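Visitor: This is the structure I want to talk about, given as structure tokens.
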Amino acid sequence: MAADTPPRPPPVQRERLLDPWPRPTLRQALAAAVVLVVLIWSLHGTGASLGALVEGAPTMLDFLRRIFPPRWDAQPVTLAVPGAPEARLVVPLPRVVPYIIETLHMAVIGTLLGVILSFPFGLLAARNLAPHPLIYHGTRLVLNINRAIPDILFALIFVAAVGLGPFAGVLALGVGAIGALGKLYAEAIEAIDPGPALAVRATGATRLQTFVYGVLPQALPLMASYSLLLFEHNVRSATILGLVGAGGVGFILTTYISLFQYRELIGALILVIMMVTVIDWLSGQVRRRMI
Amino acid sequence: MSLLEIEGLRVVYPNGHEALRSVSLRAGAGEIIAVIGRSGAGKSTLLRCIAGLQRPTAGAIRLEGEEIATAGPARLRAIHRRVGFIWQEYHLVERLSAFANVLIGRLGHNPGPASLLGYFNRRHRAIAARQLERVGLLEKARQRADRLSGGEKQRVAIARALAQEPVLLLADEPVASLDPELAAQVLGDLSRIAREDGVLTIMNLHQVALARAFADRVVGIARGEVVYDGSPQGLDTPVLDRIYRFDRPAPCAAEAVERDAATSYGR
């Protein structure tokens, strides 16, 4: 019995317990010092200075004066009237609107492509499904590499490959999604309750049947939710792919910037922000209902 | 040749624990057998081995003369098809309907690629509907499994096992998650249907009273060995002592049984 008793803890210093102010431990002091060093180093590295900010203030004010009030350069758009083949309706539409619609199209198809491409990676990167540990680790490595490459780089590559336009953007969004979505799919599959899957297998189902009936129904809500999150991300992402000529609203934003049309730029940005907000809200509503 | 023949079954886990020492058993069609014993006596291991879900260290298990213990994946799948398994935790696919869960029992008989898209021909669907009707849940066929009560879930799980049209039904603590009244009802349904179909049924039970009420043969296991194999009427105090009071002194066997049942509910 005596041999089993754990070593006695060091005697508590009664005086220390009565200190009115808490005294930091050595670990806490060390952690604070490390954070402080990183902050100072980073401040120095980015050349952040209050002086430059004060000096730049008038320029910034001037900029603000030039962007307000926002302006929308409307373009007349001719629409066919349903039911009256001869009639035409001419509506003034801000020039940015067709680009916003193109951005949405890109996000939809880019997400579809991303979902299709990520699915097999998700299966192979799930620990409970991968046929061999080597395949599991190999797939995870591919996903990590993919995640480290920014979408805009994929856009540059695909613009070079298939030319300027939204198709390059769609390819960039789809391929760029594999790293993140594949990993999320794998995690959704790993999170399932193995019991029902085992029960399905125990009925004499094949491996594929066990996956479709025992695994997929459990993982699907989470996978669909992640896919919608990707869609939200793609809507935002597709707005900047235009910077490198891969379609979408980014193209017209860069045009406004290079022509110093800041009021039109802000007008376009307001519409983009509205669109992104509405999409995020809608997608969030759908996601909430899915789980 | 008996329907099920088990000879010298021995299971040693990688950590050195000997779950089954040497179990031999013969059982024929239509028998309803309760396996009783303390937690850790090896009851679950025995059932998992018979179901082909676990490979024994040594020994033979033959179902209709076919060896289970050493069968390859394809043979094993064919055996799984004929063996219905009922789990303590039901193991339904919660997001699917009750009917879809019962249809899962037909997967082994419907191996084509169309099954992956949800195709089951009318015969498969009729069998599933009939089994759901037999457990009294046809009107809840379209309800999602996670909306069912515990007793209903286990009934759906029973229907799923029956939909396989099995020659052998295995039930591992089928009612341990249910309250006593419900437990008796569900077990009553299970044994009634098993009797109607004449299907050999082996169930692990915690409560001796349930074994007495619903089984026509009781196998008592202690420390990985069969210490009793006979009628429920033969379960007198010395026998229960052998099964339950193996290495600890207890004032009386009945109390030990109760305590055992109480402790194993907690897992």
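By convention here, the chains of the structure tokens are called A, B, ... in the order presented, each chain's residues are numbered starting at 1, and ligands are numbered starting at 1 in the order presented.
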For region 162-176 of chain B, find every residue with an atom within 6 Å (counting only C-alpha atoms), except residues of its own chain fewer than 6 positions away, and show them as an mmCIF file with C-alpha atoms, in the first residue's frame.
Guide:
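That gives us out-v3.cif:
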data_model
loop_
_atom_site.group_PDB
_atom_site.id
_atom_site.type_symbol
_atom_site.label_atom_id
_atom_site.label_comp_id
_atom_site.auth_asym_id
_atom_site.auth_seq_id
_atom_site.Cartn_x
_atom_site.Cartn_y
_atom_site.Cartn_z
ATOM 1 C CA ARG B 82 -27.864 -15.469 -44.604
ATOM 2 C CA VAL B 83 -27.100 -14.184 -41.105
ATOM 3 C CA GLY B 84 -29.181 -11.365 -39.639
ATOM 4 C CA PHE B 85 -27.499 -9.366 -36.897
ATOM 5 C CA ILE B 86 -29.325 -7.232 -34.335
ATOM 6 C CA TRP B 87 -27.228 -4.754 -32.359
ATOM 7 C CA GLN B 88 -27.708 -3.280 -28.919
ATOM 8 C CA GLY B 105 -31.427 -5.873 -45.512
ATOM 9 C CA ARG B 106 -32.049 -6.656 -49.211
ATOM 10 C CA ALA B 128 -39.178 -5.222 -46.818
ATOM 11 C CA ALA B 183 -37.556 -4.861 -23.521
ATOM 12 C CA VAL B 199 -35.176 -19.451 -37.980
ATOM 13 C CA LEU B 200 -32.391 -20.357 -35.585
ATOM 14 C CA THR B 201 -31.967 -17.446 -33.166
ATOM 15 C CA ILE B 202 -29.119 -16.826 -30.763
ATOM 16 C CA MET B 203 -29.369 -13.828 -28.466
ATOM 17 C CA ASN B 204 -27.100 -12.494 -25.762
ATOM 18 C CA LEU B 205 -29.118 -11.431 -22.768
#
Visitor: Pull out every residue of chain A sitting within 6 Å of chain B, counting only C-alpha atoms, and send them as a VMD selection string.
Guide: chain A and resid 195 to 196 202 to 205
Visitor: Just to be explicit: take each residue in the selection above, keep C-alpha atoms, and write the result as an mmCIF file, in the first residue's frame.
Guide:
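Below is the file selection-v7.cif, written as the result:
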data_model
loop_
_atom_site.group_PDB
_atom_site.id
_atom_site.type_symbol
_atom_site.label_atom_id
_atom_site.label_comp_id
_atom_site.auth_asym_id
_atom_site.auth_seq_id
_atom_site.Cartn_x
_atom_site.Cartn_y
_atom_site.Cartn_z
ATOM 1 C CA GLY A 195 -21.774 1.407 -36.281
ATOM 2 C CA PRO A 196 -24.430 1.773 -39.000
ATOM 3 C CA ALA A 202 -22.992 -7.246 -41.996
ATOM 4 C CA THR A 203 -26.109 -7.711 -44.159
ATOM 5 C CA GLY A 204 -23.880 -8.964 -46.966
ATOM 6 C CA ALA A 205 -23.645 -5.664 -48.835
#
Visitor: Can you list, as a PyMOL selection string, every protein, DNA or RNA residue that comes within 12 Å of Ser22 (chain B) when you count only C-alpha atoms, leaving out same-chain residues fewer than 4 positions away?
Guide: chain B and resi 6-12+18+42+46+56-60+221-227
Visitor: Selected residues, C-alpha atoms, written as a CSV table (one decimal), in the first residue's frame, please.
Guide:
chain,number,residue,atom,x,y,z
B,6,ILE,CA,-19.1,-24.7,-33.4
B,7,GLU,CA,-16.1,-26.7,-32.4
B,8,GLY,CA,-13.2,-25.7,-30.1
B,9,LEU,CA,-13.7,-22.0,-30.6
B,10,ARG,CA,-10.9,-20.0,-29.1
B,11,VAL,CA,-10.3,-16.2,-29.3
B,12,VAL,CA,-7.3,-14.4,-27.9
B,18,GLU,CA,-8.5,-14.9,-23.8
B,42,GLY,CA,-17.2,-13.7,-24.0
B,46,LEU,CA,-18.9,-15.5,-29.6
B,56,PRO,CA,-11.3,-16.6,-34.2
B,57,THR,CA,-7.8,-17.6,-33.1
B,58,ALA,CA,-8.7,-21.3,-33.4
B,59,GLY,CA,-11.6,-23.6,-33.9
B,60,ALA,CA,-14.3,-24.1,-36.5
B,221,ILE,CA,-20.8,-18.8,-20.5
B,222,ALA,CA,-18.2,-18.0,-17.8
B,223,ARG,CA,-14.6,-17.1,-18.4
B,224,GLY,CA,-14.8,-18.0,-22.1
B,225,GLU,CA,-16.2,-21.5,-21.5
B,226,VAL,CA,-19.7,-23.0,-21.7
B,227,VAL,CA,-20.7,-23.9,-18.2
Visitor: Which polymer residues have any atom within 12 Å of an atom of Gln261 (chain A), counting only C-alpha atoms, with same-chain residues fewer than 5 positions away left out, as a ChimeraX atom specification?
Guide: /A:63,66-73,252-256,266-268
Visitor: Write a file of the selected residues as an mmCIF file, in the first residue's frame, keeping N, CA and C atoms.
Guide:
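Dumped to result09.cif:
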data_model
loop_
_atom_site.group_PDB
_atom_site.id
_atom_site.type_symbol
_atom_site.label_atom_id
_atom_site.label_comp_id
_atom_site.auth_asym_id
_atom_site.auth_seq_id
_atom_site.Cartn_x
_atom_site.Cartn_y
_atom_site.Cartn_z
ATOM 1 N N PHE A 63 -8.855 61.379 -52.075
ATOM 2 C CA PHE A 63 -9.392 60.173 -52.710
ATOM 3 C C PHE A 63 -10.874 60.014 -52.368
ATOM 4 N N ARG A 66 -13.009 62.219 -54.273
ATOM 5 C CA ARG A 66 -13.171 61.852 -55.683
ATOM 6 C C ARG A 66 -14.096 60.657 -55.884
ATOM 7 N N ILE A 67 -14.279 59.823 -54.846
ATOM 8 C CA ILE A 67 -15.156 58.656 -55.062
ATOM 9 C C ILE A 67 -16.608 58.955 -54.709
ATOM 10 N N PHE A 68 -16.882 60.080 -54.053
ATOM 11 C CA PHE A 68 -18.273 60.363 -53.688
ATOM 12 C C PHE A 68 -18.824 61.515 -54.490
ATOM 13 N N PRO A 69 -20.082 61.492 -54.873
ATOM 14 C CA PRO A 69 -20.984 60.349 -54.703
ATOM 15 C C PRO A 69 -20.703 59.274 -55.746
ATOM 16 N N PRO A 70 -21.025 58.019 -55.434
ATOM 17 C CA PRO A 70 -20.815 56.953 -56.416
ATOM 18 C C PRO A 70 -21.676 57.175 -57.663
ATOM 19 N N ARG A 71 -21.232 56.653 -58.787
ATOM 20 C CA ARG A 71 -21.953 56.869 -60.034
ATOM 21 C C ARG A 71 -22.082 55.529 -60.761
ATOM 22 N N TRP A 72 -23.194 55.349 -61.429
ATOM 23 C CA TRP A 72 -23.385 54.130 -62.217
ATOM 24 C C TRP A 72 -23.512 54.512 -63.685
ATOM 25 N N ASP A 73 -22.562 54.118 -64.498
ATOM 26 C CA ASP A 73 -22.692 54.454 -65.911
ATOM 27 C C ASP A 73 -23.613 53.433 -66.553
ATOM 28 N N ILE A 252 -13.956 44.619 -65.064
ATOM 29 C CA ILE A 252 -14.447 45.999 -65.178
ATOM 30 C C ILE A 252 -13.939 46.852 -64.015
ATOM 31 N N LEU A 253 -13.705 46.225 -62.853
ATOM 32 C CA LEU A 253 -13.132 46.974 -61.729
ATOM 33 C C LEU A 253 -11.751 47.492 -62.094
ATOM 34 N N THR A 254 -10.926 46.636 -62.694
ATOM 35 C CA THR A 254 -9.577 47.085 -63.083
ATOM 36 C C THR A 254 -9.656 48.155 -64.157
ATOM 37 N N THR A 255 -10.629 48.043 -65.057
ATOM 38 C CA THR A 255 -10.788 49.070 -66.082
ATOM 39 C C THR A 255 -11.057 50.427 -65.440
ATOM 40 N N TYR A 256 -11.998 50.452 -64.483
ATOM 41 C CA TYR A 256 -12.312 51.701 -63.802
ATOM 42 C C TYR A 256 -11.074 52.261 -63.111
ATOM 43 N N ILE A 266 -16.616 52.833 -57.216
ATOM 44 C CA ILE A 266 -17.353 52.645 -55.966
ATOM 45 C C ILE A 266 -18.787 52.204 -56.259
ATOM 46 N N GLY A 267 -19.390 52.780 -57.290
ATOM 47 C CA GLY A 267 -20.749 52.364 -57.659
ATOM 48 C C GLY A 267 -20.797 50.877 -57.957
ATOM 49 N N ALA A 268 -19.805 50.395 -58.722
ATOM 50 C CA ALA A 268 -19.757 48.966 -59.055
ATOM 51 C C ALA A 268 -19.529 48.133 -57.801
#
Visitor: Apply DSSP to the structure's backbone, then extract all residues of region 37-281 of chain A labelled helix (DSSP H, G or I) and return them as JSON, numbers by chain.
Guide: {"A": [37, 38, 39, 40, 41, 42, 43, 44, 45, 50, 51, 52, 53, 54, 55, 56, 57, 58, 59, 60, 61, 62, 63, 64, 65, 66, 67, 97, 98, 99, 100, 101, 102, 103, 104, 105, 106, 107, 108, 109, 110, 111, 112, 113, 114, 115, 116, 117, 118, 119, 120, 121, 122, 123, 124, 133, 134, 135, 136, 137, 138, 139, 140, 141, 142, 143, 144, 145, 146, 147, 148, 151, 152, 153, 154, 155, 156, 157, 158, 159, 160, 161, 162, 166, 167, 168, 169, 170, 171, 172, 173, 174, 175, 176, 177, 178, 179, 180, 181, 182, 183, 184, 185, 186, 187, 188, 189, 190, 194, 195, 196, 197, 198, 199, 200, 201, 207, 208, 209, 210, 211, 212, 213, 214, 215, 216, 217, 218, 219, 220, 221, 222, 223, 224, 225, 226, 227, 228, 229, 230, 231, 232, 233, 234, 235, 236, 237, 238, 239, 240, 241, 242, 243, 244, 250, 251, 252, 253, 254, 255, 256, 257, 258, 262, 263, 264, 265, 266, 267, 268, 269, 270, 271, 272, 273, 274, 275, 276, 277, 278, 279, 280, 281]}
Visitor: Using CA of Leu104 (chain A) and CA of Ala246 (chain A) as the two end points, give the distance in Å to one decimal.
Guide: 13.4 Å
Visitor: Smallest atom-to-atom distance to Ser39 (chain B): which of B:Ala114, B:Ile243, B:Val23, B:Ala184, using only C-alpha atoms?
Guide: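 Ranking B:Ala114, B:Ile243, B:Val23, B:Ala184 by distance to Ser39 (chain B), first place goes to B:Ile243.
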Visitor: Per DSSP on the backbone, what are the strand (DSSP E or B) residues of region 42-245 of chain A, as a list in words?
Guide: Ala74, Gln75, Pro76, Val77, Thr78, Leu79, Ala80, Val81, Ala84, Pro85, Glu86, Ala87, Arg88, Leu89, Val90, Val91, Pro92, Leu93 and Pro94 of chain A
Visitor: Given the choices B:Gly188, B:Ser24, B:Arg155, B:Lys43, which gets closest to Gly220 (chain B) if the distance is worked out from only C-alpha atoms?
Guide: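 Answer, going by the shortest atom-to-atom distance: B:Lys43.
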Visitor: In Å, with one decimal, what is the gap from CA of Ser231 (chain B) to CA of Ala194 (chain B)?
Guide: 18.0 Å
Visitor: Restricting the calculation to only C-alpha atoms, which member of B:Ala98, B:Val186, B:Leu103, B:Leu235 is positioned closest to Asp146 (chain B)?
Guide: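 Among the listed residues, the smallest separation from Asp146 (chain B) belongs to B:Ala98.
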Visitor: Using only C-alpha atoms, determine which residues lie at most 10 Å from Ser237 (chain A), disregarding the query and same-chain residues fewer than 6 positions distant; provide the list as a PyMOL selection string.
Guide: chain A and resi 103+106-107+151-152+169+173+230-231+248+250
Visitor: Those selected residues, please, written with N, CA and C atoms and delivered as an mmCIF file, in the first residue's frame.
Guide:
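Written out: again_28.cif:
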data_model
loop_
_atom_site.group_PDB
_atom_site.id
_atom_site.type_symbol
_atom_site.label_atom_id
_atom_site.label_comp_id
_atom_site.auth_asym_id
_atom_site.auth_seq_id
_atom_site.Cartn_x
_atom_site.Cartn_y
_atom_site.Cartn_z
ATOM 1 N N THR A 103 -19.967 36.677 -63.093
ATOM 2 C CA THR A 103 -19.268 36.227 -61.887
ATOM 3 C C THR A 103 -20.053 35.115 -61.199
ATOM 4 N N MET A 106 -19.788 31.927 -63.127
ATOM 5 C CA MET A 106 -18.471 31.321 -62.864
ATOM 6 C C MET A 106 -18.465 30.608 -61.525
ATOM 7 N N ALA A 107 -19.048 31.255 -60.504
ATOM 8 C CA ALA A 107 -19.041 30.649 -59.165
ATOM 9 C C ALA A 107 -19.832 29.340 -59.166
ATOM 10 N N ASP A 151 -5.625 30.836 -55.664
ATOM 11 C CA ASP A 151 -6.503 30.741 -56.830
ATOM 12 C C ASP A 151 -6.004 31.571 -58.002
ATOM 13 N N ILE A 152 -5.463 32.750 -57.676
ATOM 14 C CA ILE A 152 -5.071 33.678 -58.735
ATOM 15 C C ILE A 152 -3.952 33.078 -59.594
ATOM 16 N N GLY A 169 -11.393 31.173 -65.590
ATOM 17 C CA GLY A 169 -11.738 31.411 -64.195
ATOM 18 C C GLY A 169 -12.428 30.217 -63.562
ATOM 19 N N LEU A 173 -11.195 28.126 -60.335
ATOM 20 C CA LEU A 173 -11.997 27.921 -59.121
ATOM 21 C C LEU A 173 -12.134 26.429 -58.817
ATOM 22 N N LEU A 230 -18.115 26.625 -50.092
ATOM 23 C CA LEU A 230 -17.197 26.829 -51.214
ATOM 24 C C LEU A 230 -17.834 27.762 -52.235
ATOM 25 N N PHE A 231 -19.138 27.588 -52.460
ATOM 26 C CA PHE A 231 -19.829 28.462 -53.404
ATOM 27 C C PHE A 231 -19.726 29.921 -52.946
ATOM 28 N N GLY A 248 -15.368 37.646 -65.210
ATOM 29 C CA GLY A 248 -15.996 38.128 -63.999
ATOM 30 C C GLY A 248 -15.874 39.632 -63.828
ATOM 31 N N GLY A 250 -14.159 41.412 -61.915
ATOM 32 C CA GLY A 250 -12.828 41.984 -61.688
ATOM 33 C C GLY A 250 -12.307 42.739 -62.896
#
Visitor: Which residues are near Pro180 (chain B)? Cut-off 12 Å, only C-alpha atoms, ignore same chain within fewer than 5 positions. Put them as a ChimeraX atom specification.
Guide: /B:151,175,185-187,206-207,209-210,261,265
Visitor: Can you write just those residues out, C-alpha atoms, as a PDB file, in the first residue's frame?
Guide:
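Final output, saved to again-v5.pdb:
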ATOM      1  CA  GLY B 151     -38.238   0.533 -29.130  1.00  0.00           C
ATOM      2  CA  VAL B 175     -32.923  -4.920 -25.519  1.00  0.00           C
ATOM      3  CA  GLN B 185     -42.318  -6.420 -25.722  1.00  0.00           C
ATOM      4  CA  VAL B 186     -39.515  -6.189 -28.300  1.00  0.00           C
ATOM      5  CA  LEU B 187     -38.060  -9.521 -27.263  1.00  0.00           C
ATOM      6  CA  HIS B 206     -28.237  -9.764 -19.518  1.00  0.00           C
ATOM      7  CA  GLN B 207     -31.337 -10.652 -17.632  1.00  0.00           C
ATOM      8  CA  ALA B 209     -35.690 -13.478 -16.395  1.00  0.00           C
ATOM      9  CA  LEU B 210     -35.830 -12.583 -20.091  1.00  0.00           C
ATOM     10  CA  ALA B 261     -27.065  -6.483 -14.976  1.00  0.00           C
ATOM     11  CA  TYR B 265     -26.144  -1.060 -18.297  1.00  0.00           C
TER      12      TYR B 265
END
Visitor: Can you work out which one of A:Ile109, A:Ile100, A:Ile135, A:Ala238 has the shortest atom-to-atom distance to Met274 (chain A), counting only C-alpha atoms?
Guide: A:Ile100
Visitor: Would you mind reading off the distance between CA of Pro131 (chain A) and CA of Val200 (chain A), one decimal, in Å?
Guide: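 Between CA of Pro131 (chain A) and CA of Val200 (chain A) the gap is 18.5 Å.
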